[in-house]
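Worksheet: one structure, shown below.
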Amino acid sequence: MNHRPFPRWAAFAAVACAAILPYLNAVANGFALDDVYIIERNARVHQLAHQAAIWLTPYWPSWGRTLGLYRPLSIFGYAVQWSVGGGAPWVFHAVNVAMHVVVCLLVLALLLRLASPGAALLGAMLFAVHPVHAEVVANVVGQAEMVAAAMVLVACILYMDRPKQEPGIGRTLAICGVFAIGMLAKEGAIVLPGLLVALDFASGRVRPEPQGVRGWMQTVLRPMLALAVTAAAYLTLRLYVLGSIGGADAAPNLPFLRQGHRFLSALRAWPEYARLLVFPLDLVADYSPGVVLPVEHVSPMVLLGAMLLAATVALALATPWFRKAGLPAAWFFIAVFPVSNLLMPIGVLLAERILYLPSVGFCIAVAFAAERMNVALPERRLRTAITGAAVVLIALAARSFVRNPDWKSTDAVWDAIVRDHPESYRAQWVNGYRMSLTGNLELARGYFELAYRIWPDDAILDNNLAGVYLELHMYDEAIRILEHSREVSGLLGYTEQYLAYAYIAAGEFPKALQATLNADRLAADPAVTLALRAQAYEGLGRFEDAAGTLRVLVRSPRGATHDFRMLLARDLARAGYADLALAAADSARAGTEAGSPVRRAIDRLTAAIAGGCFDPSRHSGAPTPAAPCADPLAGWPVVLPAGAQEVANPLQNAMEAGGQRGEAAAPDDSTSY
């Protein structure tokens, strides 16, 4: 910002250092949140041999079509890094820091084409240290954001540097190439054509009058058509892989984003954009209800958001006449629009990561303001302003440095949310989840109920609360919560399994049977569904159907257990097939140790079958031999296969609609005798 020239290399070196230093401690981070499921536990990332599994599948390992994300280049990049580093997290984090350096240098290169060297340096330094970027740099999956941003910036620089009004064929192909790379890394790169138009208007290549606009349109028609063809090819590939452009439900845990209040909530986010860019002190990994509540009516914050949006659009439209006010607004609006929920819902109401590319507009505004101050301020005040800018940059860098350890692991992320935002429903959910893992069900129940009162419309939270109710034998409460979970999201198969379990325990067998059919439709765990369906049939007295279902179950690895063979033997006896029942009991006995509780239970069951305890004629009123008739299985709870305790990890950004699994409170996973 001073009047003395300085070497360009020094500016680039300064920006590179500013980009590296605040994130040195991020290299020690592990995998957190989406990293765990996109990278650490994703089989596609752990191999490079099967490229189709990388390039022709959705971003999320399962339920990917529902969420509607397609980022094959990012998955390929993670696979390469996994291969190089053997899965070591530091390799991924080192690449993240390197990518951030590249993006910062590209921001400087862009600003040098728009402002004076000193002003451009300040804008790029601001981008390098801004704490709103910590989530992108310190969390591995932020690579997708950085690759997309880098490609957009490269395309902008290539476009601005064209020697004539119309880019040549080679330059056009290069721009289309980086455009394709950006979109394959992350969908947000699709904003590139809009940014190029804004840069043309800001650079004076378009005269703001009808004839000038027509002439400009003629010169850029071919490159814009080439970009359109590139975008169409990408969208066609996306449609082939996902089956749709946007996915069935991008925000399964935030149903208000797909309902009538989405637009009001989107407006509510705009004051948060301004706060995060101007005063990024309070940062949080999850802006879920409690931190930012959804709105159903016009509120002061919605009105403020509407005014900010209107002002941004107005300034953007004024770019041809007021370049230094219009270009920053145009850049921000164009870059943030696809992820603002204004047009279509995305997976979150607000996230710091979505501001990575849009924040370039804020840095352009700061560069233009610095350029103006350099001219308008006297020397003494200018030195004071430079000192103040340096202090602000150091403070922002320190805030980024302090923030990085919050992304060290998933537990560290949730520790930070509980520490900083206990009013968030997820903070109380985390507390309940952790209590459930320690077996403190009453305390877990209290935390889950508090989270539910803050935000009841998260189907996964509902299921976790219901799981605790089931373990506490509070079946009516579990059914009420689970039926609400079904209303919130009809896509979760294990909601139906929980419901079947609760209905069986409550004696509502017709509803339990229907719930198992729903679970089949949603491709839930088949072993669990079969076990529940057999017990629903038993409750309905349909013993042949129960036995047929159990026959299928015991042929599977998870169903070939003593308890299910015993249930099969009893149902065969109830259906009148005593010989088959005794054979099933013998099968259950195989491999058991003499005198063990399991062997004693099987022996009692065999004696009951042989004594005619389960003979249908005994229960129809026909005369039968006098025999003791004690059902040794009468006190059993609802029986589930081993492994049924695996349910959706409630603390994932993508939630269960992403199909990820972890451990959480659930019904019994096996019976005890």
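Each chain in the structure tokens gets a letter, A, B, ..., in the order shown, and its residues are numbered from 1; ligands are numbered from 1 in order too.
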For range 113-210 of chain A versus range 302-324 of chain A, which residues have an atom no more than 10 Å away, and what is each residue's nearest atom pair and distance in Å rounded to one decimal, using only C-alpha atoms, chain-then-number order, as a Markdown table?
| residue | atom | partner | partner_atom | distance |
| --- | --- | --- | --- | --- |
| A:Leu114 | CA | A:Lys324 | CA | 9.3 |
| A:Ala115 | CA | A:Lys324 | CA | 9.6 |
| A:Ala198 | CA | A:Thr319 | CA | 7.5 |
| A:Leu199 | CA | A:Thr319 | CA | 9.1 |
| A:Asp200 | CA | A:Pro320 | CA | 8.9 |
| A:Phe201 | CA | A:Pro320 | CA | 5.2 |
| A:Ala202 | CA | A:Arg323 | CA | 5.0 |
| A:Ser203 | CA | A:Arg323 | CA | 7.7 |
| A:Gly204 | CA | A:Pro320 | CA | 7.3 |
| A:Arg205 | CA | A:Pro320 | CA | 9.5 |
| A:Val206 | CA | A:Pro320 | CA | 7.6 |
| A:Arg207 | CA | A:Pro320 | CA | 7.5 |
| A:Pro208 | CA | A:Pro320 | CA | 5.8 |
| A:Glu209 | CA | A:Pro320 | CA | 9.5 |
May I have the residues from that selection written out with N, CA and C atoms, as a compact mmCIF listing (two decimals), in the first residue's frame?
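Written output follows (part.txt):
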# COMPACT_ATOMS: atom_id res chain seq x y z
N LEU A 114 -6.79 -6.63 -10.85
CA LEU A 114 -7.92 -5.76 -10.53
C LEU A 114 -7.53 -4.52 -9.75
N ALA A 115 -6.43 -4.58 -9.00
CA ALA A 115 -6.07 -3.48 -8.10
C ALA A 115 -4.56 -3.28 -8.11
N ALA A 198 -19.30 -11.22 -14.84
CA ALA A 198 -19.09 -10.12 -13.89
C ALA A 198 -17.73 -9.48 -14.10
N LEU A 199 -16.69 -10.28 -14.34
CA LEU A 199 -15.36 -9.73 -14.57
C LEU A 199 -15.29 -8.92 -15.85
N ASP A 200 -16.00 -9.35 -16.89
CA ASP A 200 -16.02 -8.58 -18.13
C ASP A 200 -16.66 -7.21 -17.91
N PHE A 201 -17.77 -7.18 -17.19
CA PHE A 201 -18.42 -5.89 -16.93
C PHE A 201 -17.55 -5.00 -16.05
N ALA A 202 -16.86 -5.61 -15.08
CA ALA A 202 -16.03 -4.82 -14.17
C ALA A 202 -14.76 -4.31 -14.84
N SER A 203 -14.26 -5.03 -15.83
CA SER A 203 -13.01 -4.65 -16.48
C SER A 203 -13.21 -3.67 -17.62
N GLY A 204 -14.43 -3.31 -17.92
CA GLY A 204 -14.70 -2.35 -18.98
C GLY A 204 -14.74 -2.95 -20.36
N ARG A 205 -14.75 -4.27 -20.48
CA ARG A 205 -14.85 -4.90 -21.80
C ARG A 205 -16.25 -4.78 -22.38
N VAL A 206 -17.20 -4.37 -21.53
CA VAL A 206 -18.59 -4.21 -21.99
C VAL A 206 -19.01 -2.77 -21.72
N ARG A 207 -19.41 -2.08 -22.75
CA ARG A 207 -19.95 -0.74 -22.55
C ARG A 207 -21.39 -0.85 -22.07
N PRO A 208 -21.76 -0.16 -20.99
CA PRO A 208 -23.10 -0.30 -20.41
C PRO A 208 -24.18 0.41 -21.23
N GLU A 209 -24.31 0.02 -22.46
CA GLU A 209 -25.38 0.53 -23.32
C GLU A 209 -25.72 -0.57 -24.33
Discussion item. Give me the residues near range 426-438 of chain A as a count of residues only, where near means some atom within 10 Å (using only C-alpha atoms) and where sequence neighbours in that chain fewer than 5 positions away do not count.
Written reply: 39
For range 176-189 of chain A, please output as a PDB file with C-alpha atoms, in the first residue's frame all residues within 7 Å (counting only C-alpha atoms; exclusion window: fewer than 5 positions along the same chain).
ATOM      1  CA  ARG A  71     -17.478 -35.524  -6.614  1.00  0.00           C
ATOM      2  CA  PRO A  72     -15.433 -38.236  -8.337  1.00  0.00           C
ATOM      3  CA  LEU A  73     -12.264 -36.187  -8.727  1.00  0.00           C
ATOM      4  CA  SER A  74     -12.173 -35.592  -4.984  1.00  0.00           C
ATOM      5  CA  ALA A 144     -13.019 -30.580  -2.650  1.00  0.00           C
ATOM      6  CA  GLU A 145     -13.794 -26.939  -1.888  1.00  0.00           C
ATOM      7  CA  VAL A 147      -9.775 -27.738  -5.802  1.00  0.00           C
ATOM      8  CA  ALA A 148     -13.034 -26.289  -7.125  1.00  0.00           C
ATOM      9  CA  ALA A 149     -12.015 -22.769  -6.029  1.00  0.00           C
ATOM     10  CA  MET A 151     -10.005 -24.187 -10.927  1.00  0.00           C
ATOM     11  CA  VAL A 152     -12.485 -21.304 -10.927  1.00  0.00           C
ATOM     12  CA  ALA A 155     -10.275 -19.990 -15.418  1.00  0.00           C
ATOM     13  CA  ALA A 226     -18.361 -24.071 -24.986  1.00  0.00           C
ATOM     14  CA  LEU A 227     -18.809 -23.586 -21.253  1.00  0.00           C
ATOM     15  CA  THR A 230     -19.080 -28.530 -20.710  1.00  0.00           C
ATOM     16  CA  PRO A 338     -26.082 -22.233  -5.397  1.00  0.00           C
TER      17      PRO A 338
END
Discussion item. Using only C-alpha atoms for the distances, tell me which of A:Leu239, A:Val528, A:Leu567, A:Val598 is nearest to Ala546 in chain A.
Written reply: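 Nearest candidate to Ala546 in chain A out of A:Leu239, A:Val528, A:Leu567, A:Val598: A:Leu567.
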Practice prompt. Per DSSP on the backbone, filter range 305-539 of chain A down to the residues in helix (DSSP H, G or I) and report them as an NGL selection string.
Written response: :A and (305-317 or 323-339 or 352-355 or 359-376 or 379-407 or 410-420 or 425-438 or 441-454 or 459-471 or 475-488 or 493-506 or 509-521 or 526-539)
Worksheet item: Quick one: of A:Val84, A:Leu242, A:Leu153, A:Ala285, who's nearest to Gly64 in chain A, counting only C-alpha atoms?
Response: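 Smallest separation from Gly64 in chain A among the options: A:Leu242.
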Discussion item. Show me, as number ranges by chain, the residues that have an atom within 8 Å of Ser340 in chain A when counting only C-alpha atoms, minus same-chain residues fewer than 5 positions from it.
Written reply: A: 266, 269, 345-346, 349-350
Practice prompt. Would you mind reading off the distance between CA of Leu21 in chain A and CA of Phe279 in chain A, one decimal, in Å?
Written response: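 Here the two named atoms are 20.8 Å from each other.
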Discussion item. Just the number, please: distance in Å from CA of Thr606 in chain A to CA of Thr592 in chain A, one decimal.
Written reply: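 Computing the Euclidean distance for CA of Thr606 in chain A and CA of Thr592 in chain A yields 14.3 Å.
The gap separating CA of Ala26 in chain A from CA of Ala138 in chain A is 5.3 Å, in Å to one decimal.
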Please provide the set of residues having any atom within 9 Å of range 48-58 of chain A, restricted to only C-alpha atoms, with same-chain residues fewer than 2 positions apart removed, written as a PDB file with N, CA and C atoms, in the first residue's frame.
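Produced file around-v3.pdb, reproduced below:
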ATOM      1  N   ARG A  44     -13.703 -47.483  -1.497  1.00  0.00           N
ATOM      2  CA  ARG A  44     -13.311 -46.947  -2.808  1.00  0.00           C
ATOM      3  C   ARG A  44     -12.016 -46.157  -2.721  1.00  0.00           C
ATOM      4  N   VAL A  45     -11.820 -45.478  -1.601  1.00  0.00           N
ATOM      5  CA  VAL A  45     -10.633 -44.645  -1.415  1.00  0.00           C
ATOM      6  C   VAL A  45      -9.398 -45.492  -1.136  1.00  0.00           C
ATOM      7  N   HIS A  46      -9.597 -46.717  -0.698  1.00  0.00           N
ATOM      8  CA  HIS A  46      -8.471 -47.556  -0.302  1.00  0.00           C
ATOM      9  C   HIS A  46      -7.913 -48.379  -1.456  1.00  0.00           C
ATOM     10  N   TRP A  60     -21.193 -40.056  -1.485  1.00  0.00           N
ATOM     11  CA  TRP A  60     -21.363 -40.833  -0.270  1.00  0.00           C
ATOM     12  C   TRP A  60     -21.386 -42.315  -0.609  1.00  0.00           C
ATOM     13  N   PRO A  61     -20.772 -43.155   0.234  1.00  0.00           N
ATOM     14  CA  PRO A  61     -20.676 -44.587  -0.080  1.00  0.00           C
ATOM     15  C   PRO A  61     -22.021 -45.269  -0.251  1.00  0.00           C
ATOM     16  N   SER A  62     -23.037 -44.837   0.481  1.00  0.00           N
ATOM     17  CA  SER A  62     -24.386 -45.373   0.303  1.00  0.00           C
ATOM     18  C   SER A  62     -25.372 -44.243   0.525  1.00  0.00           C
ATOM     19  N   TRP A  63     -26.602 -44.447   0.081  1.00  0.00           N
ATOM     20  CA  TRP A  63     -27.608 -43.382   0.089  1.00  0.00           C
ATOM     21  C   TRP A  63     -27.131 -42.167  -0.702  1.00  0.00           C
ATOM     22  N   GLY A  64     -26.137 -42.376  -1.551  1.00  0.00           N
ATOM     23  CA  GLY A  64     -25.582 -41.247  -2.294  1.00  0.00           C
ATOM     24  C   GLY A  64     -26.568 -40.610  -3.243  1.00  0.00           C
ATOM     25  N   ARG A  65     -27.446 -41.412  -3.824  1.00  0.00           N
ATOM     26  CA  ARG A  65     -28.444 -40.843  -4.733  1.00  0.00           C
ATOM     27  C   ARG A  65     -29.427 -39.959  -3.985  1.00  0.00           C
ATOM     28  N   LEU A  67     -28.788 -38.124  -1.264  1.00  0.00           N
ATOM     29  CA  LEU A  67     -28.141 -36.855  -0.927  1.00  0.00           C
ATOM     30  C   LEU A  67     -27.776 -36.041  -2.161  1.00  0.00           C
ATOM     31  N   GLY A  68     -27.563 -36.698  -3.294  1.00  0.00           N
ATOM     32  CA  GLY A  68     -27.351 -35.979  -4.540  1.00  0.00           C
ATOM     33  C   GLY A  68     -26.005 -35.307  -4.676  1.00  0.00           C
ATOM     34  N   LEU A  69     -24.937 -35.930  -4.165  1.00  0.00           N
ATOM     35  CA  LEU A  69     -23.595 -35.373  -4.294  1.00  0.00           C
ATOM     36  C   LEU A  69     -22.755 -36.277  -5.192  1.00  0.00           C
ATOM     37  N   TYR A  70     -22.014 -35.656  -6.105  1.00  0.00           N
ATOM     38  CA  TYR A  70     -21.180 -36.391  -7.061  1.00  0.00           C
ATOM     39  C   TYR A  70     -19.859 -35.649  -7.212  1.00  0.00           C
ATOM     40  N   ARG A  71     -18.784 -36.179  -6.615  1.00  0.00           N
ATOM     41  CA  ARG A  71     -17.478 -35.524  -6.614  1.00  0.00           C
ATOM     42  C   ARG A  71     -16.378 -36.553  -6.890  1.00  0.00           C
ATOM     43  N   PRO A  72     -16.372 -37.134  -8.078  1.00  0.00           N
ATOM     44  CA  PRO A  72     -15.433 -38.236  -8.337  1.00  0.00           C
ATOM     45  C   PRO A  72     -13.974 -37.822  -8.307  1.00  0.00           C
ATOM     46  N   LEU A  73     -13.665 -36.609  -8.738  1.00  0.00           N
ATOM     47  CA  LEU A  73     -12.264 -36.187  -8.727  1.00  0.00           C
ATOM     48  C   LEU A  73     -11.746 -36.090  -7.301  1.00  0.00           C
ATOM     49  N   ILE A  75     -12.800 -37.941  -4.755  1.00  0.00           N
ATOM     50  CA  ILE A  75     -12.600 -39.316  -4.307  1.00  0.00           C
ATOM     51  C   ILE A  75     -11.302 -39.875  -4.894  1.00  0.00           C
ATOM     52  N   PHE A  76     -11.048 -39.578  -6.175  1.00  0.00           N
ATOM     53  CA  PHE A  76      -9.809 -40.043  -6.807  1.00  0.00           C
ATOM     54  C   PHE A  76      -8.590 -39.441  -6.106  1.00  0.00           C
ATOM     55  N   ALA A  79      -7.987 -41.198  -2.925  1.00  0.00           N
ATOM     56  CA  ALA A  79      -7.439 -42.536  -3.164  1.00  0.00           C
ATOM     57  C   ALA A  79      -5.938 -42.470  -3.441  1.00  0.00           C
ATOM     58  N   VAL A  80      -5.512 -41.476  -4.208  1.00  0.00           N
ATOM     59  CA  VAL A  80      -4.079 -41.318  -4.486  1.00  0.00           C
ATOM     60  C   VAL A  80      -3.323 -41.022  -3.190  1.00  0.00           C
ATOM     61  N   SER A  83      -3.035 -44.080  -1.060  1.00  0.00           N
ATOM     62  CA  SER A  83      -2.024 -44.991  -1.593  1.00  0.00           C
ATOM     63  C   SER A  83      -0.615 -44.507  -1.263  1.00  0.00           C
ATOM     64  N   LEU A 237     -23.518 -36.595 -16.990  1.00  0.00           N
ATOM     65  CA  LEU A 237     -22.817 -37.625 -16.226  1.00  0.00           C
ATOM     66  C   LEU A 237     -23.377 -37.711 -14.808  1.00  0.00           C
ATOM     67  N   ARG A 238     -23.637 -36.586 -14.226  1.00  0.00           N
ATOM     68  CA  ARG A 238     -24.219 -36.539 -12.879  1.00  0.00           C
ATOM     69  C   ARG A 238     -25.585 -37.219 -12.854  1.00  0.00           C
ATOM     70  N   TYR A 240     -26.609 -39.527 -14.887  1.00  0.00           N
ATOM     71  CA  TYR A 240     -26.400 -40.965 -15.075  1.00  0.00           C
ATOM     72  C   TYR A 240     -26.032 -41.647 -13.759  1.00  0.00           C
ATOM     73  N   VAL A 241     -25.168 -41.003 -12.974  1.00  0.00           N
ATOM     74  CA  VAL A 241     -24.689 -41.617 -11.732  1.00  0.00           C
ATOM     75  C   VAL A 241     -25.719 -41.523 -10.616  1.00  0.00           C
ATOM     76  N   LEU A 242     -26.359 -40.372 -10.487  1.00  0.00           N
ATOM     77  CA  LEU A 242     -27.261 -40.128  -9.361  1.00  0.00           C
ATOM     78  C   LEU A 242     -28.716 -40.436  -9.668  1.00  0.00           C
TER      79      LEU A 242
END
